[in-house]
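Printed here is model_6.cif (mmCIF, C-alpha atoms):
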```
data_run
loop_
_atom_site.label_atom_id
_atom_site.label_comp_id
_atom_site.auth_asym_id
_atom_site.auth_seq_id
_atom_site.Cartn_x
_atom_site.Cartn_y
_atom_site.Cartn_z
CA MET P 1 14.53 8.80 -62.72
CA GLN P 2 11.01 7.80 -61.80
CA ASN P 3 11.06 5.44 -64.79
CA LYS P 4 14.08 3.61 -63.49
CA LEU P 5 12.34 3.13 -60.18
CA ASN P 6 9.24 1.75 -61.89
CA GLU P 7 11.43 -0.62 -63.86
CA ILE P 8 13.08 -1.83 -60.64
CA ASN P 9 9.70 -2.32 -58.95
CA THR P 10 8.26 -4.33 -61.84
CA GLN P 11 11.29 -6.56 -62.20
CA ALA P 12 11.49 -7.15 -58.42
CA ALA P 13 7.80 -8.04 -58.23
CA LEU P 14 8.23 -10.52 -61.07
CA ASN P 15 11.27 -12.17 -59.44
CA ALA P 16 9.57 -12.37 -56.07
CA SER P 17 6.39 -13.89 -57.46
CA THR P 18 8.39 -16.54 -59.34
CA ALA P 19 10.36 -17.41 -56.19
CA LEU P 20 7.24 -17.52 -54.02
CA SER P 21 5.34 -19.63 -56.54
CA LYS P 22 8.18 -22.17 -56.49
CA LEU P 23 8.28 -22.20 -52.70
CA THR P 24 4.54 -22.68 -52.25
CA ASP P 25 3.74 -24.65 -55.42
CA SER P 26 0.93 -22.22 -56.16
CA PRO P 27 0.65 -19.13 -58.36
CA VAL P 28 1.40 -15.85 -56.59
CA ASP P 29 0.40 -12.42 -57.83
CA ILE P 30 2.37 -9.40 -56.73
CA GLU P 31 1.08 -5.91 -57.08
CA ILE P 32 2.96 -2.70 -56.32
CA SER P 33 0.09 -0.84 -54.74
CA ASN P 34 1.70 2.43 -53.86
CA VAL P 35 5.00 4.30 -54.33
CA GLU P 36 5.33 7.52 -52.39
CA ILE P 37 7.99 9.88 -51.17
CA LYS P 38 7.09 11.40 -47.84
CA LYS P 39 7.99 11.78 -44.21
CA VAL P 40 7.86 8.37 -42.66
CA GLU P 41 5.41 9.37 -39.93
CA GLN P 42 2.86 10.25 -42.61
CA LEU P 43 2.66 6.59 -43.60
CA SER P 44 -0.93 5.37 -43.34
CA PRO P 45 -1.23 1.71 -44.31
CA VAL P 46 -4.46 -0.22 -44.80
CA ILE P 47 -4.21 -2.65 -41.87
CA SER P 48 -5.83 -1.65 -38.56
CA PRO P 49 -3.26 -0.84 -35.84
CA GLU P 50 -4.80 -3.32 -33.40
CA GLU P 51 -4.83 -6.27 -35.79
CA ILE P 52 -2.53 -9.12 -34.73
CA VAL P 53 0.04 -9.79 -37.44
CA ALA P 54 3.27 -11.65 -38.04
CA GLY P 55 5.89 -9.04 -38.91
CA ILE P 56 9.29 -9.72 -40.42
CA TYR P 57 11.69 -6.80 -40.32
CA LEU P 58 14.66 -6.84 -42.69
CA PRO P 59 17.13 -3.97 -42.43
CA VAL P 60 19.59 -3.17 -45.23
CA THR P 61 22.72 -1.04 -45.16
CA GLY P 62 25.39 -0.07 -47.66
CA GLU P 63 25.15 2.42 -50.49
CA VAL P 64 21.38 2.36 -50.13
CA LYS P 65 20.03 2.35 -46.59
CA GLY P 66 16.59 1.23 -45.57
CA ALA P 67 14.43 -1.64 -44.45
CA ALA P 68 11.74 -3.95 -45.60
CA LEU P 69 8.80 -5.05 -43.50
CA LEU P 70 6.74 -8.08 -44.43
CA ILE P 71 3.34 -8.36 -42.78
CA PHE P 72 0.92 -11.30 -42.66
CA PRO P 73 -2.37 -10.87 -40.80
CA LYS P 74 -2.70 -13.64 -38.14
CA GLU P 75 -4.98 -15.98 -40.09
CA THR P 76 -2.97 -15.52 -43.28
CA ALA P 77 0.22 -16.35 -41.38
CA PHE P 78 -1.42 -19.57 -40.09
CA THR P 79 -2.68 -20.58 -43.56
CA PHE P 80 0.69 -19.76 -45.06
CA CYS P 81 2.49 -21.89 -42.47
CA ASP P 82 0.19 -24.86 -43.28
CA LEU P 83 1.42 -24.51 -46.84
CA LEU P 84 5.09 -23.94 -46.04
CA VAL P 85 5.62 -26.68 -43.47
CA LYS P 86 3.18 -29.02 -45.22
CA ARG P 87 0.54 -29.41 -42.54
CA GLU P 88 -3.12 -30.23 -43.07
CA PRO P 89 -4.91 -27.01 -44.08
CA GLY P 90 -6.37 -25.23 -41.05
CA THR P 91 -4.20 -26.96 -38.44
CA THR P 92 -1.75 -24.17 -37.57
CA ARG P 93 -3.19 -22.25 -34.59
CA LYS P 94 0.05 -21.12 -32.98
CA LEU P 95 3.39 -20.16 -34.48
CA THR P 96 6.28 -22.46 -33.53
CA GLU P 97 9.97 -21.76 -34.06
CA LEU P 98 9.76 -23.69 -37.32
CA ASP P 99 6.91 -21.48 -38.52
CA GLU P 100 8.85 -18.36 -37.56
CA SER P 101 11.85 -19.58 -39.55
CA ALA P 102 9.66 -20.37 -42.54
CA LEU P 103 8.09 -16.91 -42.47
CA LYS P 104 11.51 -15.29 -42.07
CA GLU P 105 12.64 -17.21 -45.12
CA VAL P 106 9.72 -15.79 -47.10
CA GLY P 107 10.85 -12.36 -45.93
CA ASN P 108 14.35 -13.11 -47.18
CA ILE P 109 13.04 -14.22 -50.56
CA ILE P 110 10.86 -11.17 -51.15
CA SER P 111 13.30 -8.58 -49.88
CA GLY P 112 16.16 -10.45 -51.57
CA SER P 113 14.35 -10.23 -54.92
CA TYR P 114 13.85 -6.52 -54.50
CA PHE P 115 17.30 -5.57 -53.27
CA THR P 116 19.08 -7.76 -55.84
CA VAL P 117 17.29 -5.94 -58.65
CA LEU P 118 17.95 -2.58 -56.99
CA ALA P 119 21.66 -3.33 -56.51
CA ASN P 120 22.09 -4.65 -60.05
CA THR P 121 20.22 -1.83 -61.74
CA LEU P 122 21.91 0.95 -59.80
CA HIS P 123 25.31 -0.79 -59.56
CA VAL P 124 25.50 -0.33 -55.82
CA LYS P 125 26.42 -2.57 -52.91
CA ILE P 126 23.61 -3.40 -50.51
CA THR P 127 24.04 -5.58 -47.44
CA GLU P 128 20.97 -7.42 -46.20
CA HIS P 129 20.82 -8.24 -42.51
CA ILE P 130 19.17 -11.18 -40.80
CA PRO P 131 15.37 -10.95 -40.52
CA ILE P 132 13.80 -10.17 -37.14
CA PHE P 133 10.42 -11.59 -36.21
CA SER P 134 7.55 -10.22 -34.12
CA PHE P 135 3.98 -11.45 -33.63
CA ASP P 136 1.84 -8.69 -32.17
CA MET P 137 -0.35 -5.68 -32.96
CA PHE P 138 0.38 -4.19 -36.37
CA GLY P 139 0.53 -0.62 -35.07
CA ALA P 140 3.07 -1.56 -32.42
CA ILE P 141 5.36 -3.30 -34.91
CA LEU P 142 5.13 -0.59 -37.55
CA GLY P 143 5.41 2.18 -34.94
CA GLN P 144 8.84 1.07 -33.81
CA ILE P 145 10.17 1.02 -37.38
CA VAL P 146 8.60 4.36 -38.20
CA SER P 147 10.14 5.87 -35.04
CA LYS P 148 13.55 4.51 -35.94
CA PHE P 149 13.38 6.13 -39.38
CA ALA P 150 11.83 9.34 -38.06
CA GLN P 151 14.79 9.65 -35.68
CA GLU P 152 17.37 9.46 -38.43
CA GLU P 153 15.88 10.67 -41.68
CA GLU P 154 13.75 13.47 -42.98
CA ARG P 155 12.29 11.79 -46.03
CA VAL P 156 12.01 8.23 -47.21
CA ILE P 157 10.65 6.60 -50.30
CA ILE P 158 7.85 4.26 -49.34
CA ILE P 159 6.95 1.36 -51.59
CA GLU P 160 3.88 -0.64 -50.61
CA VAL P 161 3.45 -4.03 -52.19
CA GLU P 162 0.48 -6.36 -51.85
CA PHE P 163 0.66 -9.96 -52.90
CA TYR P 164 -2.07 -12.51 -53.43
CA PHE P 165 -1.81 -16.26 -53.39
CA LYS P 166 -4.07 -18.02 -55.87
CA PRO P 167 -6.30 -20.01 -55.80
CA LYS P 168 -6.39 -19.35 -52.05
CA THR P 169 -7.41 -15.78 -51.52
CA PHE P 170 -5.01 -14.74 -48.83
CA ARG P 171 -2.79 -11.78 -49.04
CA GLY P 172 0.27 -10.24 -47.48
CA TYR P 173 1.66 -6.79 -47.29
CA PHE P 174 5.23 -5.74 -47.94
CA LEU P 175 6.59 -2.33 -47.14
CA LEU P 176 9.91 -0.92 -48.26
CA LEU P 177 11.43 2.16 -46.72
CA LEU P 178 14.47 3.60 -48.46
CA GLU P 179 16.47 6.58 -47.34
CA MET P 180 15.94 9.34 -49.90
CA GLU P 181 19.20 11.21 -49.59
CA LYS P 182 21.41 8.31 -50.66
CA LEU P 183 19.00 7.14 -53.32
CA GLU P 184 18.78 10.59 -54.88
CA ALA P 185 22.56 10.90 -54.88
CA ILE P 186 22.64 7.79 -57.05
CA MET P 187 19.53 8.19 -59.17
CA GLY P 188 19.09 11.94 -59.40
CA PRO P 189 16.09 13.86 -58.10
CA LEU P 190 13.02 11.68 -57.70
CA GLU P 191 10.46 14.37 -57.11
CA SER P 192 9.46 16.77 -59.84
CA MET X 193 -17.55 9.46 -27.46
CA ASP X 194 -14.25 7.87 -28.50
CA ILE X 195 -11.50 10.08 -29.86
CA GLU X 196 -8.57 8.32 -31.50
CA VAL X 197 -5.10 9.70 -30.91
CA LYS X 198 -2.74 8.63 -33.70
CA MET X 199 1.03 8.45 -33.71
CA GLY X 200 2.55 11.90 -33.22
CA GLU X 201 -0.75 13.50 -32.17
CA ILE X 202 -2.12 15.20 -29.05
CA LYS X 203 -5.83 15.39 -28.31
CA GLY X 204 -7.79 16.89 -25.48
CA GLY X 205 -11.01 15.53 -24.00
CA ARG X 206 -13.85 16.51 -21.66
CA CYS X 207 -16.05 14.63 -19.22
CA GLY X 208 -17.90 11.84 -21.04
CA GLU X 209 -15.24 11.42 -23.71
CA THR X 210 -12.71 8.62 -24.07
CA LEU X 211 -9.31 9.15 -25.64
CA THR X 212 -7.90 6.02 -27.30
CA ALA X 213 -4.66 4.83 -28.92
CA SER X 214 -4.34 1.43 -30.62
CA GLY X 215 -1.28 -0.68 -31.28
CA VAL X 216 1.31 1.16 -29.20
CA GLY X 217 4.80 -0.38 -29.36
CA SER X 218 7.93 1.68 -28.66
CA CYS X 219 5.78 4.81 -28.76
CA LEU X 220 4.62 6.24 -25.46
CA ILE X 221 1.17 7.33 -24.38
CA ILE X 222 1.14 10.16 -21.86
CA THR X 223 -2.17 11.08 -20.28
CA LEU X 224 -2.78 14.16 -18.12
CA PHE X 225 -5.96 14.31 -16.04
CA ASP X 226 -7.42 17.21 -14.10
CA PRO X 227 -9.67 15.55 -11.47
CA GLU X 228 -11.34 18.82 -10.53
CA LEU X 229 -12.38 20.02 -13.99
CA LYS X 230 -12.71 16.44 -15.35
CA THR X 231 -10.67 17.31 -18.40
CA GLY X 232 -7.60 15.68 -19.81
CA ALA X 233 -5.28 15.20 -22.74
CA MET X 234 -3.47 12.33 -24.37
CA ALA X 235 -0.19 12.41 -26.32
CA HIS X 236 1.00 9.56 -28.56
CA VAL X 237 4.72 10.33 -28.87
CA MET X 238 7.32 8.55 -30.97
CA LEU X 239 10.70 9.93 -29.92
CA PRO X 240 12.31 11.16 -26.69
CA SER X 241 13.38 14.67 -27.62
CA ARG X 242 13.49 17.13 -30.46
CA ASP X 243 16.85 18.51 -29.33
CA ARG X 244 18.41 15.10 -29.27
CA ARG X 245 17.51 14.51 -32.89
CA ARG X 246 18.95 17.86 -33.85
CA ARG X 247 22.18 17.08 -32.02
CA THR X 248 22.49 13.68 -33.71
CA LYS X 249 22.04 15.29 -37.10
CA ASP X 250 24.58 18.05 -36.42
CA LYS X 251 27.17 15.82 -34.79
CA GLY X 252 29.34 15.53 -37.89
CA SER X 253 29.62 19.25 -38.53
CA LEU X 254 30.50 20.43 -35.04
CA SER X 255 34.10 21.48 -34.36
CA ASP X 256 35.60 22.95 -31.24
CA ASP X 257 37.82 25.76 -32.53
CA LEU X 258 37.21 29.22 -31.15
CA SER X 259 36.31 30.89 -34.42
CA SER X 260 33.33 28.61 -34.86
CA LYS X 261 32.16 29.17 -31.29
CA ALA X 262 30.55 32.52 -32.01
CA LYS X 263 28.98 31.13 -35.12
CA ARG X 264 27.64 28.23 -33.14
CA GLU X 265 26.15 30.49 -30.48
CA ASN X 266 24.57 32.54 -33.20
CA ASN X 267 23.13 29.36 -34.73
CA LEU X 268 21.84 28.21 -31.37
CA ALA X 269 20.03 31.51 -30.87
CA LYS X 270 18.57 31.16 -34.34
CA GLU X 271 17.49 27.60 -33.62
CA GLU X 272 15.92 28.74 -30.37
CA SER X 273 13.82 31.38 -32.09
CA GLU X 274 12.99 28.94 -34.88
CA ARG X 275 11.84 26.45 -32.30
CA ALA X 276 9.67 29.05 -30.59
CA SER X 277 8.03 30.10 -33.82
CA ASN X 278 7.52 26.49 -34.84
CA SER X 279 6.05 25.37 -31.56
CA ALA X 280 2.60 24.98 -33.06
CA GLU X 281 3.93 22.76 -35.85
CA ALA X 282 2.14 19.41 -35.90
CA GLY X 283 5.40 17.45 -36.11
CA ASP X 284 6.51 18.77 -32.73
CA THR X 285 4.05 16.65 -30.85
CA LYS X 286 5.86 13.48 -31.85
CA TYR X 287 8.58 14.28 -29.29
CA THR X 288 8.04 13.53 -25.61
CA ASP X 289 9.36 16.86 -24.32
CA THR X 290 7.56 19.17 -26.73
CA ALA X 291 4.35 17.13 -26.48
CA ILE X 292 4.26 17.52 -22.69
CA ASP X 293 4.76 21.29 -23.06
CA GLU X 294 1.97 21.50 -25.62
CA MET X 295 -0.46 19.45 -23.49
CA LEU X 296 0.23 21.66 -20.48
CA LYS X 297 -0.28 24.79 -22.54
CA ARG X 298 -3.67 23.55 -23.77
CA LEU X 299 -4.88 22.33 -20.38
CA GLU X 300 -3.74 25.49 -18.59
CA ALA X 301 -5.50 27.60 -21.21
CA GLN X 302 -8.70 25.77 -20.23
CA GLY X 303 -8.20 26.62 -16.57
CA SER X 304 -6.33 23.58 -15.27
CA LYS X 305 -3.79 24.11 -12.51
CA ARG X 306 -0.48 22.30 -12.98
CA GLY X 307 -0.32 21.22 -9.33
CA ARG X 308 -3.42 19.04 -9.52
CA LEU X 309 -2.69 17.30 -12.84
CA GLU X 310 -2.16 13.54 -12.69
CA ALA X 311 -0.02 11.81 -15.31
CA LYS X 312 -0.04 8.20 -16.49
CA ILE X 313 2.33 6.64 -19.01
CA VAL X 314 1.84 3.51 -21.14
CA GLY X 315 4.03 1.93 -23.82
CA GLY X 316 7.77 2.19 -24.47
CA ALA X 317 8.15 -1.48 -25.42
CA ASN X 318 10.73 -3.09 -27.69
CA MET X 319 8.81 -5.09 -30.30
CA PHE X 320 11.84 -6.84 -31.76
CA THR X 321 13.50 -8.62 -28.87
CA SER X 322 16.45 -9.86 -30.88
CA PHE X 323 17.21 -6.34 -31.97
CA VAL X 324 18.79 -3.78 -29.67
CA SER X 325 16.67 -0.67 -29.61
CA ASP X 326 16.52 2.02 -26.96
CA ILE X 327 13.72 4.13 -28.43
CA GLY X 328 11.03 2.76 -26.09
CA ARG X 329 13.17 2.98 -22.96
CA GLU X 330 14.36 6.49 -23.84
CA ASN X 331 10.79 7.64 -24.40
CA VAL X 332 9.91 6.46 -20.89
CA LEU X 333 12.98 8.10 -19.31
CA SER X 334 12.39 11.35 -21.16
CA ALA X 335 8.73 11.49 -20.07
CA LYS X 336 9.62 10.79 -16.44
CA GLU X 337 12.33 13.47 -16.44
CA ASN X 338 10.12 16.05 -18.11
CA LEU X 339 7.13 15.43 -15.86
CA LYS X 340 9.35 15.58 -12.76
CA GLU X 341 10.84 18.90 -13.90
CA LYS X 342 7.32 20.27 -14.18
CA ASP X 343 6.23 18.89 -10.79
CA ILE X 344 3.59 16.63 -12.26
CA SER X 345 3.29 13.31 -10.47
CA ILE X 346 3.01 10.04 -12.34
CA VAL X 347 0.19 8.13 -10.65
CA GLY X 348 0.27 5.06 -12.88
CA GLU X 349 2.46 3.38 -15.46
CA CYS X 350 2.51 0.30 -17.68
CA VAL X 351 5.76 0.51 -19.62
CA GLY X 352 8.58 -1.54 -21.13
CA GLY X 353 8.49 -5.20 -22.08
CA SER X 354 8.04 -6.47 -25.60
CA GLN X 355 4.28 -6.35 -26.14
CA GLY X 356 2.08 -3.99 -28.09
CA ARG X 357 -0.65 -2.23 -26.11
CA SER X 358 -3.95 -0.49 -26.76
CA VAL X 359 -4.94 2.29 -24.41
CA GLU X 360 -8.23 3.89 -23.35
CA PHE X 361 -8.40 6.97 -21.17
CA SER X 362 -11.78 7.84 -19.72
CA VAL X 363 -11.81 11.58 -19.16
CA SER X 364 -14.78 11.31 -16.74
CA SER X 365 -12.93 9.14 -14.22
CA GLY X 366 -9.27 9.48 -15.18
CA ILE X 367 -9.11 5.68 -15.49
CA VAL X 368 -6.64 4.40 -18.07
CA SER X 369 -7.19 0.82 -19.33
CA VAL X 370 -4.53 -1.13 -21.16
CA LYS X 371 -5.16 -4.07 -23.47
CA VAL X 372 -2.53 -6.52 -24.74
CA LYS X 373 -2.64 -9.30 -27.33
CA PHE X 374 -3.29 -12.29 -25.02
#
```
Rewritten as structure tokens:
Amino acid sequence: MQNKLNEINTQAALNASTALSKLTDSPVDIEISNVEIKKVEQLSPVISPEEIVAGIYLPVTGEVKGAALLIFPKETAFTFCDLLVKREPGTTRKLTELDESALKEVGNIISGSYFTVLANTLHVKITEHIPIFSFDMFGAILGQIVSKFAQEEERVIIIEVEFYFKPKTFRGYFLLLLEMEKLEAIMGPLES
Amino acid sequence: MDIEVKMGEIKGGRCGETLTASGVGSCLIITLFDPELKTGAMAHVMLPSRDRRRRTKDKGSLSDDLSSKAKRENNLAKEESERASNSAEAGDTKYTDTAIDEMLKRLEAQGSKRGRLEAKIVGGANMFTSFVSDIGRENVLSAKENLKEKDISIVGECVGGSQGRSVEFSVSSGIVSVKVKF
């Protein structure tokens, strides 16, 4: 069933990059950097725990349970907000409510692309919940989500996605955590 | 020398060393300091209790009829022995209660006396204010309960709120410094 998962990932990345390109009027590259099945506390992402980031948390429930977390390092978030709310480049130095909403919308678009493909391919119902925003240390934001999953589940499938905006060289990080038990019940065993 | 304590870990330190934890949200940092030996330990815990997780997981299968009572007691005894044999398992130190036990075991093995240990706790925030989560608060409550049970006094705390924190514990002085984003 690993193939099916790869197919979902590729299609979702394509949809998300098209949607993001439209939103920002600039080409966006999306790269699935890592797909792993492990205990959630073993997650070791590339961003330093003390780095200040904008984090958008998007929980999903239904026949597949999990969450998506979209992360923009501080400067990337500022540059991205210039683009989204059409300010002069380099003028965003603080995130307003409008910026938060814009970033949440980006979260909705990316996670929406992924979960729509997942739901359609697997013929399951997935309910997306409203995005929740936090602007703080990366470790603190991720830690709370990891703890929540560690409390409930033994194993999750972790999909790490990096995306690049061209010609500007800023990047974001998107993390998907899906509960293994339900996913395996639908797709069959994922580990060999 | 700086020693980093990651999520779910426990580390010990000696005079001259600094134990650090970066980006602490709902997790809780528990430091124990022995002012006489100038040694200490830091735990970076994620969840309040190992037993609580087990109970949550088993909730659906528990029934109250008498025939299952014996079976349940048998299972509990089995779980107890399992827990004892697993106590060195790395995963255990992600829970507040088992992490405190493990820190005490290590410090006492090095000659520390429980009565003179000083505890400090940092963290237990809720990073998503529009989202109801009790993990941080429960971590704090669990640590306070466990330390009280073991007669260890908490001499300093910086807990709750909705901000991430970075923590440094100097094992020479016992001083714990906390850094936030602004």
Self-check item: Reference answer for the PyMOL selection byres ((chain P) within 12 of (chain X)), as a ChimeraX atom specification
Solution: /P:39-44,47-59,74,129-154
Filtering to C-alpha atoms, could you give me those residues as a PDB file, in the frame of the given file?
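Saved file part_31.pdb follows:
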```
ATOM      1  CA  LYS P  39       7.990  11.780 -44.210  1.00  0.00           C
ATOM      2  CA  VAL P  40       7.860   8.370 -42.660  1.00  0.00           C
ATOM      3  CA  GLU P  41       5.410   9.370 -39.930  1.00  0.00           C
ATOM      4  CA  GLN P  42       2.860  10.250 -42.610  1.00  0.00           C
ATOM      5  CA  LEU P  43       2.660   6.590 -43.600  1.00  0.00           C
ATOM      6  CA  SER P  44      -0.930   5.370 -43.340  1.00  0.00           C
ATOM      7  CA  ILE P  47      -4.210  -2.650 -41.870  1.00  0.00           C
ATOM      8  CA  SER P  48      -5.830  -1.650 -38.560  1.00  0.00           C
ATOM      9  CA  PRO P  49      -3.260  -0.840 -35.840  1.00  0.00           C
ATOM     10  CA  GLU P  50      -4.800  -3.320 -33.400  1.00  0.00           C
ATOM     11  CA  GLU P  51      -4.830  -6.270 -35.790  1.00  0.00           C
ATOM     12  CA  ILE P  52      -2.530  -9.120 -34.730  1.00  0.00           C
ATOM     13  CA  VAL P  53       0.040  -9.790 -37.440  1.00  0.00           C
ATOM     14  CA  ALA P  54       3.270 -11.650 -38.040  1.00  0.00           C
ATOM     15  CA  GLY P  55       5.890  -9.040 -38.910  1.00  0.00           C
ATOM     16  CA  ILE P  56       9.290  -9.720 -40.420  1.00  0.00           C
ATOM     17  CA  TYR P  57      11.690  -6.800 -40.320  1.00  0.00           C
ATOM     18  CA  LEU P  58      14.660  -6.840 -42.690  1.00  0.00           C
ATOM     19  CA  PRO P  59      17.130  -3.970 -42.430  1.00  0.00           C
ATOM     20  CA  LYS P  74      -2.700 -13.640 -38.140  1.00  0.00           C
ATOM     21  CA  HIS P 129      20.820  -8.240 -42.510  1.00  0.00           C
ATOM     22  CA  ILE P 130      19.170 -11.180 -40.800  1.00  0.00           C
ATOM     23  CA  PRO P 131      15.370 -10.950 -40.520  1.00  0.00           C
ATOM     24  CA  ILE P 132      13.800 -10.170 -37.140  1.00  0.00           C
ATOM     25  CA  PHE P 133      10.420 -11.590 -36.210  1.00  0.00           C
ATOM     26  CA  SER P 134       7.550 -10.220 -34.120  1.00  0.00           C
ATOM     27  CA  PHE P 135       3.980 -11.450 -33.630  1.00  0.00           C
ATOM     28  CA  ASP P 136       1.840  -8.690 -32.170  1.00  0.00           C
ATOM     29  CA  MET P 137      -0.350  -5.680 -32.960  1.00  0.00           C
ATOM     30  CA  PHE P 138       0.380  -4.190 -36.370  1.00  0.00           C
ATOM     31  CA  GLY P 139       0.530  -0.620 -35.070  1.00  0.00           C
ATOM     32  CA  ALA P 140       3.070  -1.560 -32.420  1.00  0.00           C
ATOM     33  CA  ILE P 141       5.360  -3.300 -34.910  1.00  0.00           C
ATOM     34  CA  LEU P 142       5.130  -0.590 -37.550  1.00  0.00           C
ATOM     35  CA  GLY P 143       5.410   2.180 -34.940  1.00  0.00           C
ATOM     36  CA  GLN P 144       8.840   1.070 -33.810  1.00  0.00           C
ATOM     37  CA  ILE P 145      10.170   1.020 -37.380  1.00  0.00           C
ATOM     38  CA  VAL P 146       8.600   4.360 -38.200  1.00  0.00           C
ATOM     39  CA  SER P 147      10.140   5.870 -35.040  1.00  0.00           C
ATOM     40  CA  LYS P 148      13.550   4.510 -35.940  1.00  0.00           C
ATOM     41  CA  PHE P 149      13.380   6.130 -39.380  1.00  0.00           C
ATOM     42  CA  ALA P 150      11.830   9.340 -38.060  1.00  0.00           C
ATOM     43  CA  GLN P 151      14.790   9.650 -35.680  1.00  0.00           C
ATOM     44  CA  GLU P 152      17.370   9.460 -38.430  1.00  0.00           C
ATOM     45  CA  GLU P 153      15.880  10.670 -41.680  1.00  0.00           C
ATOM     46  CA  GLU P 154      13.750  13.470 -42.980  1.00  0.00           C
TER      47      GLU P 154
END
```
Exercise. Measuring atom to atom with all atoms listed in the file, identify which of P:Glu184, P:Glu162, P:Glu179, P:Glu7 is nearest to Ile30 in chain P.
Key: P:Glu162
Self-check item: Output of the PyMOL selection byres ((chain P and resi 95-112) around 8), listed as a list in words
Solution: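 This file gives the following for the PyMOL selection byres ((chain P and resi 95-112) around 8): Ala16, Ala19, Leu20, Ile56, Tyr57, Leu58, Ala68, Leu69, Leu70, Ala77, Phe78, Cys81, Leu84, Val85, Thr92, Arg93, Lys94, Ser113, Tyr114, Phe115, Thr116, Glu128, Pro131, Ile132 and Phe133 of chain P.
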Practice problem: Can you give me, as a ChimeraX atom specification, the residues this file yields under the PyMOL selection byres ((chain X and resi 364) around 9)? | Solution: /X:206-210,227,230-232,361-363,365-367
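With CA of Glu75 in chain P on one side and CA of Val161 in chain P on the other, the separation reads 19.0 Å.
For the choices X:Asp194, X:Glu300, X:Glu310, X:Asp243, the atom-to-atom distance to Thr212 in chain X is smallest for X:Asp194 when using all atoms listed in the file.
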Quiz item: How many Å lie between CA of Asp29 in chain P and CA of Leu14 in chain P, rounded to one decimal?
Solution: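 Going from CA of Asp29 in chain P over to CA of Leu14 in chain P, I get 8.7 Å.
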Can you sort out the box for range 210-217 of chain X, edges along x, y and z, all listed atoms in, 6 Å on every side, with centre and edge lengths in Å to one decimal, as lines of an AutoDock Vina configuration file?
```
center_x = -4.0
center_y = 4.2
center_z = -27.7
size_x = 29.5
size_y = 21.8
size_z = 19.2
```
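Note that the spacing between CA of Leu177 in chain P and CA of Val156 in chain P amounts to 6.1 Å.
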Quiz item: What's the 10 Å shell around Leu118 in chain P, counting all atoms listed in the file, without same-chain residues fewer than 5 positions away, as a PyMOL selection string?
Solution: chain P and resi 4-5+7-9+11-12+64+112-113+123-126
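Using only C-alpha atoms, the contacts of Pro89 in chain P at a cut-off of 8 Å, with sequence neighbours closer than 5 positions omitted, comprise Thr79, Asp82 and Leu83 of chain P.
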Using all atoms listed in the file, which residues sit within 6 Å of range 220-223 of chain X once same-chain residues fewer than 2 positions away are excluded, as an mmCIF file with C-alpha atoms, in the coordinates of the input?
```cif
data_model
loop_
_atom_site.group_PDB
_atom_site.id
_atom_site.type_symbol
_atom_site.label_atom_id
_atom_site.label_comp_id
_atom_site.auth_asym_id
_atom_site.auth_seq_id
_atom_site.Cartn_x
_atom_site.Cartn_y
_atom_site.Cartn_z
ATOM 1 C CA ALA X 233 -5.280 15.200 -22.740
ATOM 2 C CA MET X 234 -3.470 12.330 -24.370
ATOM 3 C CA ALA X 235 -0.190 12.410 -26.320
ATOM 4 C CA HIS X 236 1.000 9.560 -28.560
ATOM 5 C CA VAL X 237 4.720 10.330 -28.870
ATOM 6 C CA ALA X 311 -0.020 11.810 -15.310
ATOM 7 C CA LYS X 312 -0.040 8.200 -16.490
ATOM 8 C CA ILE X 313 2.330 6.640 -19.010
ATOM 9 C CA VAL X 314 1.840 3.510 -21.140
ATOM 10 C CA GLY X 315 4.030 1.930 -23.820
ATOM 11 C CA GLY X 316 7.770 2.190 -24.470
#
```
Export range 63-71 of chain P of the preceding structure, keeping N, CA and C atoms, as an mmCIF file, in the first residue's frame.
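Saved file result.cif follows:
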```cif
data_model
loop_
_atom_site.group_PDB
_atom_site.id
_atom_site.type_symbol
_atom_site.label_atom_id
_atom_site.label_comp_id
_atom_site.auth_asym_id
_atom_site.auth_seq_id
_atom_site.Cartn_x
_atom_site.Cartn_y
_atom_site.Cartn_z
ATOM 1 N N GLU P 63 -12.841 9.349 9.516
ATOM 2 C CA GLU P 63 -12.350 7.988 9.312
ATOM 3 C C GLU P 63 -10.819 7.930 9.335
ATOM 4 N N VAL P 64 -10.192 9.057 9.091
ATOM 5 C CA VAL P 64 -8.742 9.158 9.301
ATOM 6 C C VAL P 64 -8.538 10.288 10.299
ATOM 7 N N LYS P 65 -7.768 9.986 11.356
ATOM 8 C CA LYS P 65 -7.566 11.010 12.387
ATOM 9 C C LYS P 65 -6.133 11.515 12.337
ATOM 10 N N GLY P 66 -5.947 12.790 12.554
ATOM 11 C CA GLY P 66 -4.594 13.298 12.562
ATOM 12 C C GLY P 66 -4.560 14.810 12.621
ATOM 13 N N ALA P 67 -3.447 15.368 12.193
ATOM 14 C CA ALA P 67 -3.311 16.818 12.203
ATOM 15 C C ALA P 67 -2.240 17.234 11.231
ATOM 16 N N ALA P 68 -2.350 18.458 10.800
ATOM 17 C CA ALA P 68 -1.310 19.035 9.973
ATOM 18 C C ALA P 68 -0.750 20.230 10.731
ATOM 19 N N LEU P 69 0.531 20.479 10.556
ATOM 20 C CA LEU P 69 1.158 21.637 11.174
ATOM 21 C C LEU P 69 1.981 22.351 10.106
ATOM 22 N N LEU P 70 1.643 23.606 9.888
ATOM 23 C CA LEU P 70 2.359 24.396 8.900
ATOM 24 C C LEU P 70 3.262 25.376 9.652
ATOM 25 N N ILE P 71 4.534 25.395 9.273
ATOM 26 C CA ILE P 71 5.508 26.216 9.991
ATOM 27 C C ILE P 71 6.210 27.179 9.040
#
```
